[in-house]
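Structure file work_8.tsv with TSV, N, CA and C atoms:
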chain	number	residue	atom	x	y	z
A	758	MET	N	-0.43	-39.07	-3.63
A	758	MET	CA	-0.01	-37.67	-3.61
A	758	MET	C	-1.20	-36.80	-3.24
A	759	SER	N	-1.01	-35.92	-2.31
A	759	SER	CA	-2.05	-34.99	-1.89
A	759	SER	C	-1.82	-33.67	-2.61
A	760	ALA	N	-2.81	-33.25	-3.40
A	760	ALA	CA	-2.69	-31.99	-4.13
A	760	ALA	C	-4.00	-31.22	-3.97
A	761	ARG	N	-3.88	-29.90	-3.91
A	761	ARG	CA	-5.04	-29.04	-3.78
A	761	ARG	C	-5.02	-27.98	-4.87
A	762	ALA	N	-6.13	-27.88	-5.61
A	762	ALA	CA	-6.23	-26.85	-6.65
A	762	ALA	C	-6.40	-25.49	-6.00
A	763	LEU	N	-5.75	-24.49	-6.56
A	763	LEU	CA	-5.84	-23.11	-6.10
A	763	LEU	C	-6.58	-22.31	-7.16
A	764	VAL	N	-7.80	-21.93	-6.85
A	764	VAL	CA	-8.67	-21.27	-7.82
A	764	VAL	C	-9.20	-19.97	-7.22
A	765	PRO	N	-8.61	-18.83	-7.58
A	765	PRO	CA	-9.12	-17.56	-7.06
A	765	PRO	C	-10.56	-17.32	-7.53
A	766	PRO	N	-11.36	-16.64	-6.70
A	766	PRO	CA	-12.74	-16.34	-7.11
A	766	PRO	C	-12.78	-15.63	-8.46
A	767	GLY	N	-13.70	-16.04	-9.29
A	767	GLY	CA	-13.85	-15.45	-10.61
A	767	GLY	C	-13.14	-16.21	-11.71
A	768	SER	N	-12.31	-17.18	-11.36
A	768	SER	CA	-11.59	-17.92	-12.40
A	768	SER	C	-12.15	-19.33	-12.63
A	769	GLU	N	-13.30	-19.63	-12.02
A	769	GLU	CA	-13.88	-20.96	-12.14
A	769	GLU	C	-14.23	-21.31	-13.59
A	770	ALA	N	-14.76	-20.36	-14.34
A	770	ALA	CA	-15.15	-20.64	-15.73
A	770	ALA	C	-13.93	-20.97	-16.58
A	771	ALA	N	-12.84	-20.26	-16.38
A	771	ALA	CA	-11.61	-20.53	-17.13
A	771	ALA	C	-11.07	-21.91	-16.78
A	772	VAL	N	-11.16	-22.28	-15.50
A	772	VAL	CA	-10.69	-23.60	-15.07
A	772	VAL	C	-11.50	-24.68	-15.78
A	773	ALA	N	-12.82	-24.52	-15.82
A	773	ALA	CA	-13.67	-25.51	-16.47
A	773	ALA	C	-13.40	-25.58	-17.97
A	774	ALA	N	-13.23	-24.43	-18.61
A	774	ALA	CA	-13.02	-24.40	-20.06
A	774	ALA	C	-11.67	-25.01	-20.45
A	775	LEU	N	-10.63	-24.69	-19.69
A	775	LEU	CA	-9.28	-25.15	-20.03
A	775	LEU	C	-8.93	-26.49	-19.39
A	776	GLN	N	-9.72	-26.89	-18.40
A	776	GLN	CA	-9.42	-28.09	-17.62
A	776	GLN	C	-8.00	-28.02	-17.07
A	777	ALA	N	-7.69	-26.87	-16.48
A	777	ALA	CA	-6.38	-26.64	-15.87
A	777	ALA	C	-6.58	-25.73	-14.67
A	778	SER	N	-5.87	-26.01	-13.60
A	778	SER	CA	-5.94	-25.19	-12.39
A	778	SER	C	-4.95	-24.04	-12.50
A	779	PRO	N	-5.32	-22.86	-11.98
A	779	PRO	CA	-4.36	-21.76	-11.94
A	779	PRO	C	-3.14	-22.09	-11.10
A	780	GLY	N	-3.32	-22.93	-10.10
A	780	GLY	CA	-2.22	-23.36	-9.25
A	780	GLY	C	-2.55	-24.67	-8.57
A	781	ILE	N	-1.51	-25.37	-8.19
A	781	ILE	CA	-1.63	-26.62	-7.44
A	781	ILE	C	-0.67	-26.55	-6.25
A	782	ALA	N	-1.19	-26.82	-5.06
A	782	ALA	CA	-0.36	-26.90	-3.86
A	782	ALA	C	-0.15	-28.37	-3.52
A	783	THR	N	1.10	-28.77	-3.39
A	783	THR	CA	1.42	-30.14	-3.03
A	783	THR	C	2.81	-30.21	-2.41
A	784	HIS	N	2.96	-31.00	-1.38
A	784	HIS	CA	4.25	-31.25	-0.74
A	784	HIS	C	5.01	-29.98	-0.38
A	785	GLY	N	4.30	-28.96	0.11
A	785	GLY	CA	4.95	-27.73	0.54
A	785	GLY	C	5.32	-26.78	-0.58
A	786	LEU	N	4.97	-27.14	-1.82
A	786	LEU	CA	5.26	-26.28	-2.97
A	786	LEU	C	3.96	-25.87	-3.66
A	787	VAL	N	4.01	-24.76	-4.37
A	787	VAL	CA	2.89	-24.30	-5.17
A	787	VAL	C	3.39	-24.11	-6.59
A	788	PHE	N	2.70	-24.76	-7.54
A	788	PHE	CA	3.04	-24.67	-8.95
A	788	PHE	C	1.94	-23.89	-9.65
A	789	LEU	N	2.32	-22.81	-10.34
A	789	LEU	CA	1.34	-21.99	-11.03
A	789	LEU	C	1.36	-22.26	-12.52
A	790	THR	N	0.17	-22.25	-13.11
A	790	THR	CA	0.03	-22.26	-14.55
A	790	THR	C	0.64	-20.97	-15.09
A	791	GLY	N	1.13	-20.99	-16.31
A	791	GLY	CA	1.65	-19.76	-16.91
A	791	GLY	C	0.60	-18.67	-16.93
A	792	MET	N	0.98	-17.48	-16.48
A	792	MET	CA	0.06	-16.34	-16.42
A	792	MET	C	0.45	-15.30	-17.46
A	793	THR	N	-0.54	-14.89	-18.24
A	793	THR	CA	-0.35	-13.77	-19.16
A	793	THR	C	-0.90	-12.52	-18.48
A	794	GLY	N	-0.83	-11.41	-19.17
A	794	GLY	CA	-1.29	-10.15	-18.60
A	794	GLY	C	-2.71	-9.79	-18.96
A	795	SER	N	-3.56	-10.79	-19.24
A	795	SER	CA	-4.95	-10.47	-19.57
A	795	SER	C	-5.66	-9.88	-18.36
A	796	ARG	N	-6.68	-9.07	-18.65
A	796	ARG	CA	-7.49	-8.46	-17.60
A	796	ARG	C	-8.50	-9.48	-17.05
A	797	PRO	N	-9.13	-9.15	-15.92
A	797	PRO	CA	-10.14	-10.06	-15.36
A	797	PRO	C	-11.27	-10.41	-16.34
A	798	ASP	N	-11.59	-9.49	-17.24
A	798	ASP	CA	-12.66	-9.77	-18.22
A	798	ASP	C	-12.16	-10.58	-19.42
A	799	GLY	N	-10.88	-10.95	-19.41
A	799	GLY	CA	-10.31	-11.75	-20.48
A	799	GLY	C	-9.67	-10.96	-21.61
A	800	SER	N	-9.89	-9.66	-21.65
A	800	SER	CA	-9.28	-8.84	-22.70
A	800	SER	C	-7.79	-8.68	-22.42
A	801	MET	N	-7.03	-8.40	-23.47
A	801	MET	CA	-5.58	-8.28	-23.35
A	801	MET	C	-5.17	-6.82	-23.58
A	802	PRO	N	-4.56	-6.18	-22.58
A	802	PRO	CA	-4.04	-4.82	-22.81
A	802	PRO	C	-2.97	-4.85	-23.90
A	803	GLU	N	-2.83	-3.75	-24.59
A	803	GLU	CA	-1.83	-3.70	-25.65
A	803	GLU	C	-0.44	-3.38	-25.12
A	804	ASP	N	-0.36	-2.66	-24.00
A	804	ASP	CA	0.97	-2.21	-23.56
A	804	ASP	C	1.58	-3.14	-22.52
A	805	LEU	N	2.88	-3.20	-22.53
A	805	LEU	CA	3.66	-4.08	-21.66
A	805	LEU	C	3.40	-3.79	-20.19
A	806	ASP	N	3.40	-2.52	-19.79
A	806	ASP	CA	3.23	-2.17	-18.39
A	806	ASP	C	1.94	-2.76	-17.83
A	807	ALA	N	0.84	-2.56	-18.53
A	807	ALA	CA	-0.45	-3.06	-18.06
A	807	ALA	C	-0.45	-4.58	-17.99
A	808	GLN	N	0.17	-5.24	-18.96
A	808	GLN	CA	0.23	-6.69	-18.95
A	808	GLN	C	1.05	-7.20	-17.75
A	809	VAL	N	2.16	-6.56	-17.46
A	809	VAL	CA	3.00	-7.00	-16.33
A	809	VAL	C	2.23	-6.84	-15.02
A	810	HIS	N	1.59	-5.69	-14.82
A	810	HIS	CA	0.85	-5.47	-13.57
A	810	HIS	C	-0.29	-6.48	-13.43
A	811	SER	N	-0.99	-6.75	-14.52
A	811	SER	CA	-2.08	-7.72	-14.48
A	811	SER	C	-1.58	-9.12	-14.18
A	812	ALA	N	-0.50	-9.53	-14.84
A	812	ALA	CA	0.04	-10.88	-14.64
A	812	ALA	C	0.47	-11.08	-13.19
A	813	PHE	N	1.20	-10.13	-12.64
A	813	PHE	CA	1.64	-10.30	-11.26
A	813	PHE	C	0.46	-10.21	-10.28
A	814	GLY	N	-0.57	-9.46	-10.63
A	814	GLY	CA	-1.78	-9.45	-9.81
A	814	GLY	C	-2.44	-10.82	-9.78
A	815	LYS	N	-2.48	-11.49	-10.93
A	815	LYS	CA	-3.04	-12.84	-10.98
A	815	LYS	C	-2.17	-13.84	-10.23
A	816	ILE	N	-0.85	-13.70	-10.35
A	816	ILE	CA	0.06	-14.57	-9.61
A	816	ILE	C	-0.18	-14.39	-8.11
A	817	ALA	N	-0.28	-13.15	-7.66
A	817	ALA	CA	-0.52	-12.87	-6.24
A	817	ALA	C	-1.84	-13.48	-5.78
A	818	ALA	N	-2.87	-13.43	-6.62
A	818	ALA	CA	-4.18	-13.99	-6.25
A	818	ALA	C	-4.11	-15.50	-6.07
A	819	VAL	N	-3.40	-16.19	-6.96
A	819	VAL	CA	-3.27	-17.64	-6.84
A	819	VAL	C	-2.45	-17.99	-5.61
A	820	LEU	N	-1.35	-17.30	-5.39
A	820	LEU	CA	-0.54	-17.55	-4.20
A	820	LEU	C	-1.36	-17.26	-2.93
A	821	GLY	N	-2.19	-16.24	-2.98
A	821	GLY	CA	-3.04	-15.91	-1.85
A	821	GLY	C	-3.98	-17.05	-1.48
A	822	GLU	N	-4.44	-17.80	-2.47
A	822	GLU	CA	-5.30	-18.96	-2.21
A	822	GLU	C	-4.56	-20.03	-1.40
A	823	ALA	N	-3.23	-20.01	-1.46
A	823	ALA	CA	-2.41	-20.95	-0.68
A	823	ALA	C	-1.92	-20.32	0.62
A	824	GLY	N	-2.37	-19.08	0.89
A	824	GLY	CA	-1.91	-18.39	2.09
A	824	GLY	C	-0.52	-17.81	1.95
A	825	LEU	N	-0.09	-17.57	0.72
A	825	LEU	CA	1.26	-17.08	0.46
A	825	LEU	C	1.22	-15.70	-0.19
A	826	THR	N	2.37	-15.04	-0.20
A	826	THR	CA	2.54	-13.77	-0.89
A	826	THR	C	3.55	-13.96	-2.02
A	827	LEU	N	3.78	-12.90	-2.77
A	827	LEU	CA	4.79	-12.96	-3.84
A	827	LEU	C	6.17	-13.29	-3.29
A	828	GLY	N	6.42	-13.02	-2.03
A	828	GLY	CA	7.71	-13.33	-1.41
A	828	GLY	C	7.99	-14.82	-1.32
A	829	ALA	N	6.98	-15.65	-1.56
A	829	ALA	CA	7.16	-17.11	-1.51
A	829	ALA	C	7.70	-17.68	-2.82
A	830	MET	N	7.79	-16.83	-3.87
A	830	MET	CA	8.27	-17.34	-5.16
A	830	MET	C	9.72	-17.78	-5.04
A	831	VAL	N	10.01	-19.00	-5.53
A	831	VAL	CA	11.38	-19.49	-5.52
A	831	VAL	C	11.93	-19.69	-6.93
A	832	GLU	N	11.02	-19.79	-7.91
A	832	GLU	CA	11.46	-19.98	-9.30
A	832	GLU	C	10.46	-19.32	-10.22
A	833	MET	N	10.97	-18.66	-11.24
A	833	MET	CA	10.13	-17.98	-12.22
A	833	MET	C	10.72	-18.21	-13.59
A	834	THR	N	9.89	-18.63	-14.51
A	834	THR	CA	10.29	-18.73	-15.92
A	834	THR	C	9.36	-17.83	-16.71
A	835	SER	N	9.92	-16.94	-17.49
A	835	SER	CA	9.10	-16.05	-18.32
A	835	SER	C	9.39	-16.33	-19.78
A	836	TYR	N	8.32	-16.38	-20.55
A	836	TYR	CA	8.38	-16.66	-21.99
A	836	TYR	C	7.94	-15.38	-22.70
A	837	HIS	N	8.79	-14.86	-23.59
A	837	HIS	CA	8.55	-13.54	-24.19
A	837	HIS	C	8.50	-13.60	-25.71
A	838	VAL	N	7.53	-12.90	-26.27
A	838	VAL	CA	7.48	-12.65	-27.70
A	838	VAL	C	8.20	-11.32	-27.90
A	839	GLY	N	9.38	-11.33	-28.50
A	839	GLY	CA	10.18	-10.11	-28.63
A	839	GLY	C	10.97	-9.80	-27.37
A	840	LEU	N	11.64	-10.79	-26.83
A	840	LEU	CA	12.36	-10.66	-25.56
A	840	LEU	C	13.30	-9.46	-25.53
A	841	HIS	N	14.12	-9.31	-26.54
A	841	HIS	CA	15.14	-8.25	-26.50
A	841	HIS	C	14.52	-6.86	-26.54
A	842	ALA	N	13.39	-6.71	-27.21
A	842	ALA	CA	12.74	-5.41	-27.29
A	842	ALA	C	12.07	-5.03	-25.97
A	843	GLN	N	11.68	-6.00	-25.15
A	843	GLN	CA	10.93	-5.70	-23.94
A	843	GLN	C	11.68	-6.00	-22.64
A	844	PHE	N	12.85	-6.64	-22.73
A	844	PHE	CA	13.49	-7.14	-21.51
A	844	PHE	C	13.78	-6.06	-20.48
A	845	GLU	N	14.38	-4.96	-20.86
A	845	GLU	CA	14.75	-3.94	-19.87
A	845	GLU	C	13.53	-3.40	-19.14
A	846	ARG	N	12.46	-3.12	-19.88
A	846	ARG	CA	11.24	-2.60	-19.25
A	846	ARG	C	10.58	-3.68	-18.39
A	847	PHE	N	10.53	-4.91	-18.89
A	847	PHE	CA	9.96	-6.02	-18.12
A	847	PHE	C	10.72	-6.18	-16.81
A	848	GLN	N	12.04	-6.15	-16.87
A	848	GLN	CA	12.87	-6.30	-15.67
A	848	GLN	C	12.60	-5.17	-14.68
A	849	ALA	N	12.47	-3.95	-15.18
A	849	ALA	CA	12.21	-2.81	-14.30
A	849	ALA	C	10.85	-2.97	-13.60
A	850	LEU	N	9.83	-3.41	-14.32
A	850	LEU	CA	8.51	-3.61	-13.74
A	850	LEU	C	8.50	-4.81	-12.79
A	851	ARG	N	9.17	-5.87	-13.18
A	851	ARG	CA	9.26	-7.09	-12.37
A	851	ARG	C	9.87	-6.79	-11.00
A	852	ALA	N	10.79	-5.83	-10.96
A	852	ALA	CA	11.47	-5.48	-9.71
A	852	ALA	C	10.49	-5.03	-8.63
A	853	ASP	N	9.31	-4.54	-9.02
A	853	ASP	CA	8.31	-4.13	-8.04
A	853	ASP	C	7.64	-5.33	-7.36
A	854	TYR	N	7.83	-6.53	-7.90
A	854	TYR	CA	7.10	-7.71	-7.41
A	854	TYR	C	7.98	-8.80	-6.81
A	855	VAL	N	9.28	-8.67	-6.92
A	855	VAL	CA	10.18	-9.68	-6.36
A	855	VAL	C	10.96	-9.07	-5.20
A	856	MET	N	11.35	-9.92	-4.26
A	856	MET	CA	12.08	-9.44	-3.10
A	856	MET	C	13.11	-10.48	-2.68
A	857	PRO	N	14.14	-10.06	-1.95
A	857	PRO	CA	15.12	-11.03	-1.49
A	857	PRO	C	14.50	-12.06	-0.55
A	858	PRO	N	14.95	-13.27	-0.57
A	858	PRO	CA	15.87	-13.80	-1.58
A	858	PRO	C	15.14	-13.91	-2.92
A	859	TYR	N	15.70	-13.31	-3.94
A	859	TYR	CA	15.05	-13.26	-5.25
A	859	TYR	C	14.85	-14.66	-5.80
A	860	PRO	N	13.73	-14.87	-6.50
A	860	PRO	CA	13.52	-16.19	-7.10
A	860	PRO	C	14.53	-16.42	-8.22
A	861	ALA	N	14.86	-17.69	-8.44
A	861	ALA	CA	15.64	-18.04	-9.63
A	861	ALA	C	14.79	-17.65	-10.83
A	862	TRP	N	15.42	-17.19	-11.92
A	862	TRP	CA	14.64	-16.69	-13.05
A	862	TRP	C	15.31	-17.06	-14.36
A	863	THR	N	14.52	-17.57	-15.27
A	863	THR	CA	14.95	-17.82	-16.63
A	863	THR	C	13.99	-17.11	-17.57
A	864	ALA	N	14.51	-16.31	-18.51
A	864	ALA	CA	13.69	-15.62	-19.50
A	864	ALA	C	13.98	-16.25	-20.86
A	865	ILE	N	12.93	-16.64	-21.56
A	865	ILE	CA	13.06	-17.37	-22.82
A	865	ILE	C	12.28	-16.65	-23.92
A	866	GLU	N	12.89	-16.50	-25.07
A	866	GLU	CA	12.17	-15.93	-26.22
A	866	GLU	C	11.41	-17.05	-26.93
A	867	VAL	N	10.16	-16.76	-27.28
A	867	VAL	CA	9.31	-17.72	-27.99
A	867	VAL	C	8.73	-17.05	-29.24
A	868	ALA	N	8.29	-17.87	-30.18
A	868	ALA	CA	7.71	-17.35	-31.42
A	868	ALA	C	6.29	-16.85	-31.19
A	869	GLY	N	5.59	-17.42	-30.23
A	869	GLY	CA	4.22	-16.99	-29.97
A	869	GLY	C	3.67	-17.67	-28.73
A	870	LEU	N	2.52	-17.16	-28.28
A	870	LEU	CA	1.84	-17.70	-27.11
A	870	LEU	C	0.39	-17.98	-27.47
A	871	ARG	N	-0.29	-18.82	-26.69
A	871	ARG	CA	-1.66	-19.19	-26.96
A	871	ARG	C	-2.60	-17.99	-26.98
A	872	ARG	N	-2.44	-17.06	-26.04
A	872	ARG	CA	-3.31	-15.89	-25.95
A	872	ARG	C	-2.89	-14.83	-26.95
A	873	ALA	N	-3.80	-14.50	-27.87
A	873	ALA	CA	-3.53	-13.45	-28.86
A	873	ALA	C	-3.21	-12.14	-28.15
A	874	GLY	N	-2.16	-11.49	-28.57
A	874	GLY	CA	-1.77	-10.20	-28.00
A	874	GLY	C	-0.90	-10.28	-26.76
A	875	ALA	N	-0.73	-11.48	-26.21
A	875	ALA	CA	0.13	-11.63	-25.03
A	875	ALA	C	1.58	-11.39	-25.42
A	876	LEU	N	2.26	-10.55	-24.66
A	876	LEU	CA	3.67	-10.26	-24.91
A	876	LEU	C	4.59	-11.21	-24.16
A	877	PHE	N	4.05	-11.87	-23.12
A	877	PHE	CA	4.83	-12.79	-22.30
A	877	PHE	C	3.87	-13.70	-21.54
A	878	GLU	N	4.44	-14.72	-20.95
A	878	GLU	CA	3.73	-15.60	-20.01
A	878	GLU	C	4.71	-15.93	-18.90
A	879	ILE	N	4.23	-15.97	-17.66
A	879	ILE	CA	5.09	-16.20	-16.51
A	879	ILE	C	4.65	-17.48	-15.79
A	880	ARG	N	5.58	-18.37	-15.56
A	880	ARG	CA	5.34	-19.59	-14.79
A	880	ARG	C	6.11	-19.46	-13.48
A	881	VAL	N	5.47	-19.82	-12.36
A	881	VAL	CA	6.06	-19.63	-11.03
A	881	VAL	C	5.97	-20.92	-10.21
A	882	VAL	N	6.99	-21.14	-9.40
A	882	VAL	CA	6.96	-22.15	-8.35
A	882	VAL	C	7.22	-21.38	-7.05
A	883	ALA	N	6.42	-21.67	-6.03
A	883	ALA	CA	6.57	-21.03	-4.72
A	883	ALA	C	6.68	-22.10	-3.65
A	884	ALA	N	7.21	-21.72	-2.50
A	884	ALA	CA	7.37	-22.66	-1.39
A	884	ALA	C	6.74	-22.09	-0.14
A	885	HIS	N	6.12	-22.97	0.64
A	885	HIS	CA	5.56	-22.56	1.93
A	885	HIS	C	6.71	-22.24	2.89
A	886	PRO	N	6.57	-21.20	3.71
A	886	PRO	CA	7.66	-20.79	4.60
A	886	PRO	C	8.01	-21.82	5.66
A	887	GLU	N	7.12	-22.76	5.95
A	887	GLU	CA	7.46	-23.76	6.96
A	887	GLU	C	8.48	-24.76	6.46
A	888	ASN	N	8.81	-24.69	5.17
A	888	ASN	CA	9.90	-25.51	4.63
A	888	ASN	C	11.17	-24.67	4.68
A	889	ASP	N	12.24	-25.20	5.22
A	889	ASP	CA	13.49	-24.45	5.25
A	889	ASP	C	14.18	-24.49	3.89
A	890	ALA	N	15.31	-23.85	3.77
A	890	ALA	CA	16.02	-23.72	2.50
A	890	ALA	C	16.41	-25.07	1.92
A	891	GLU	N	16.49	-26.09	2.74
A	891	GLU	CA	16.86	-27.43	2.25
A	891	GLU	C	15.63	-28.26	1.93
A	892	GLY	N	14.42	-27.68	2.10
A	892	GLY	CA	13.20	-28.40	1.77
A	892	GLY	C	12.66	-29.25	2.92
A	893	ASN	N	13.26	-29.12	4.10
A	893	ASN	CA	12.81	-29.89	5.25
A	893	ASN	C	11.61	-29.23	5.90
A	894	GLN	N	10.69	-30.01	6.39
A	894	GLN	CA	9.55	-29.46	7.11
A	894	GLN	C	10.06	-28.84	8.40
A	895	GLY	N	9.54	-27.64	8.73
A	895	GLY	CA	9.98	-26.92	9.92
A	895	GLY	C	9.30	-27.33	11.18
Could you write out this file's structure as structure tokens?
Amino acid sequence: MSARALVPPGSEAAVAALQASPGIATHGLVFLTGMTGSRPDGSMPEDLDAQVHSAFGKIAAVLGEAGLTLGAMVEMTSYHVGLHAQFERFQALRADYVMPPYPAWTAIEVAGLRRAGALFEIRVVAAHPENDAEGNQG
């Protein structure tokens, strides 16, 4: 299996500490590690809006390492602490980052996340555009 780690500049220390890649490109797909809304310095904003913007910024940076944009997302799973309290606002903010054809999406409520203060974590799968809708190489 041929796989390539996707590591945006500035995230090398986190990769070494966690022994996990922010993303892996393989077989025309890109798999992203779950992204929280922490800032580049590692601190966690308290408000949902700032966390959503930061998380999608990190997702865009990892996809950019594969030569992709947010439009390449085909599947998104979001894990939320307090899903019902934040869902409407999260959905409204998320709308700024997704485009047709919209990615498949599952939102799951969880009791907690590894990062203290994180309100959610987003996991993404993206596809290279040279693969058609059936997964065939173009």
Contacts of Gly839 (chain A) at 12 Å or less, counting only C-alpha atoms, minus same-chain residues fewer than 5 places along, as number ranges by chain?
-> A: 805, 844-845, 847, 864-870, 874-877
Backbone DSSP call of alpha helix (DSSP H) for chain A, listed as a ChimeraX atom specification = /A:769-775,805-822,840-851
Near-Met801 (chain A) list (8 Å; all atoms listed in the file; drop same-chain fewer than 4 positions) as JSON, numbers by chain = {"A": [793, 794, 795, 796, 797, 807, 808, 872, 873, 874, 875]}
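Between atom N of Leu840 (chain A) and atom N of Ala774 (chain A) the interatomic distance comes to 29.5 Å.
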Per DSSP on the backbone, filter region 790-848 of chain A down to the residues in strand (DSSP E) and report them as a list in words.
-> Met830, Val831, Glu832, Met833, Thr834, Ser835, Tyr836 and His837 of chain A
What separates CA of Gly828 (chain A) and atom C of Met856 (chain A) is a distance of 6.2 Å
Which protein, DNA or RNA residues are at most 8 Å from (15.6, -15.9, -18.4) in the file's coordinates when you count all atoms listed in the file, listed as a PyMOL selection string?
-> chain A and resi 833-836+861-866
Find the nearest atom pair between each residue of region 836-882 of chain A and region 777-791 of chain A for residues within 8 Å, count only N, CA and C atoms, give distances in Å to one decimal, sort rows by chain and ascending number, and present the table as a tab-separated table.
residue	atom	partner	partner_atom	distance
A:Phe877	C	A:Gly791	C	7.5
A:Glu878	C	A:Gly791	CA	5.3
A:Ile879	C	A:Gly791	CA	3.9
A:Arg880	CA	A:Gly791	CA	4.3
A:Val881	C	A:Leu789	N	4.1
A:Val882	CA	A:Val787	C	4.4
Separation of atom N of Leu820 (chain A) from CA of Asp804 (chain A) in Å | 23.7 Å
Which of A:Val809, A:Leu763, A:Met792, A:Ala773 sits closest to Tyr854 (chain A) [using only C-alpha atoms] = A:Val809
Starting from the point (-5.2, -17.7, -5.6), work out which residues of protein, DNA or RNA have an atom no more than 8 Å away when counting only N, CA and C atoms; state them as JSON, numbers by chain.
-> {"A": [762, 763, 764, 765, 766, 779, 780, 815, 816, 817, 818, 819, 820, 821, 822, 823, 824]}
Could you write those residues out with N, CA and C atoms, as an mmCIF file, keeping the file's coordinate frame?
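Result went into part-v1.cif, see below:
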data_model
loop_
_atom_site.group_PDB
_atom_site.id
_atom_site.type_symbol
_atom_site.label_atom_id
_atom_site.label_comp_id
_atom_site.auth_asym_id
_atom_site.auth_seq_id
_atom_site.Cartn_x
_atom_site.Cartn_y
_atom_site.Cartn_z
ATOM 1 N N ALA A 762 -6.130 -27.880 -5.610
ATOM 2 C CA ALA A 762 -6.230 -26.850 -6.650
ATOM 3 C C ALA A 762 -6.400 -25.490 -6.000
ATOM 4 N N LEU A 763 -5.750 -24.490 -6.560
ATOM 5 C CA LEU A 763 -5.840 -23.110 -6.100
ATOM 6 C C LEU A 763 -6.580 -22.310 -7.160
ATOM 7 N N VAL A 764 -7.800 -21.930 -6.850
ATOM 8 C CA VAL A 764 -8.670 -21.270 -7.820
ATOM 9 C C VAL A 764 -9.200 -19.970 -7.220
ATOM 10 N N PRO A 765 -8.610 -18.830 -7.580
ATOM 11 C CA PRO A 765 -9.120 -17.560 -7.060
ATOM 12 C C PRO A 765 -10.560 -17.320 -7.530
ATOM 13 N N PRO A 766 -11.360 -16.640 -6.700
ATOM 14 C CA PRO A 766 -12.740 -16.340 -7.110
ATOM 15 C C PRO A 766 -12.780 -15.630 -8.460
ATOM 16 N N PRO A 779 -5.320 -22.860 -11.980
ATOM 17 C CA PRO A 779 -4.360 -21.760 -11.940
ATOM 18 C C PRO A 779 -3.140 -22.090 -11.100
ATOM 19 N N GLY A 780 -3.320 -22.930 -10.100
ATOM 20 C CA GLY A 780 -2.220 -23.360 -9.250
ATOM 21 C C GLY A 780 -2.550 -24.670 -8.570
ATOM 22 N N LYS A 815 -2.480 -11.490 -10.930
ATOM 23 C CA LYS A 815 -3.040 -12.840 -10.980
ATOM 24 C C LYS A 815 -2.170 -13.840 -10.230
ATOM 25 N N ILE A 816 -0.850 -13.700 -10.350
ATOM 26 C CA ILE A 816 0.060 -14.570 -9.610
ATOM 27 C C ILE A 816 -0.180 -14.390 -8.110
ATOM 28 N N ALA A 817 -0.280 -13.150 -7.660
ATOM 29 C CA ALA A 817 -0.520 -12.870 -6.240
ATOM 30 C C ALA A 817 -1.840 -13.480 -5.780
ATOM 31 N N ALA A 818 -2.870 -13.430 -6.620
ATOM 32 C CA ALA A 818 -4.180 -13.990 -6.250
ATOM 33 C C ALA A 818 -4.110 -15.500 -6.070
ATOM 34 N N VAL A 819 -3.400 -16.190 -6.960
ATOM 35 C CA VAL A 819 -3.270 -17.640 -6.840
ATOM 36 C C VAL A 819 -2.450 -17.990 -5.610
ATOM 37 N N LEU A 820 -1.350 -17.300 -5.390
ATOM 38 C CA LEU A 820 -0.540 -17.550 -4.200
ATOM 39 C C LEU A 820 -1.360 -17.260 -2.930
ATOM 40 N N GLY A 821 -2.190 -16.240 -2.980
ATOM 41 C CA GLY A 821 -3.040 -15.910 -1.850
ATOM 42 C C GLY A 821 -3.980 -17.050 -1.480
ATOM 43 N N GLU A 822 -4.440 -17.800 -2.470
ATOM 44 C CA GLU A 822 -5.300 -18.960 -2.210
ATOM 45 C C GLU A 822 -4.560 -20.030 -1.400
ATOM 46 N N ALA A 823 -3.230 -20.010 -1.460
ATOM 47 C CA ALA A 823 -2.410 -20.950 -0.680
ATOM 48 C C ALA A 823 -1.920 -20.320 0.620
ATOM 49 N N GLY A 824 -2.370 -19.080 0.890
ATOM 50 C CA GLY A 824 -1.910 -18.390 2.090
ATOM 51 C C GLY A 824 -0.520 -17.810 1.950
#
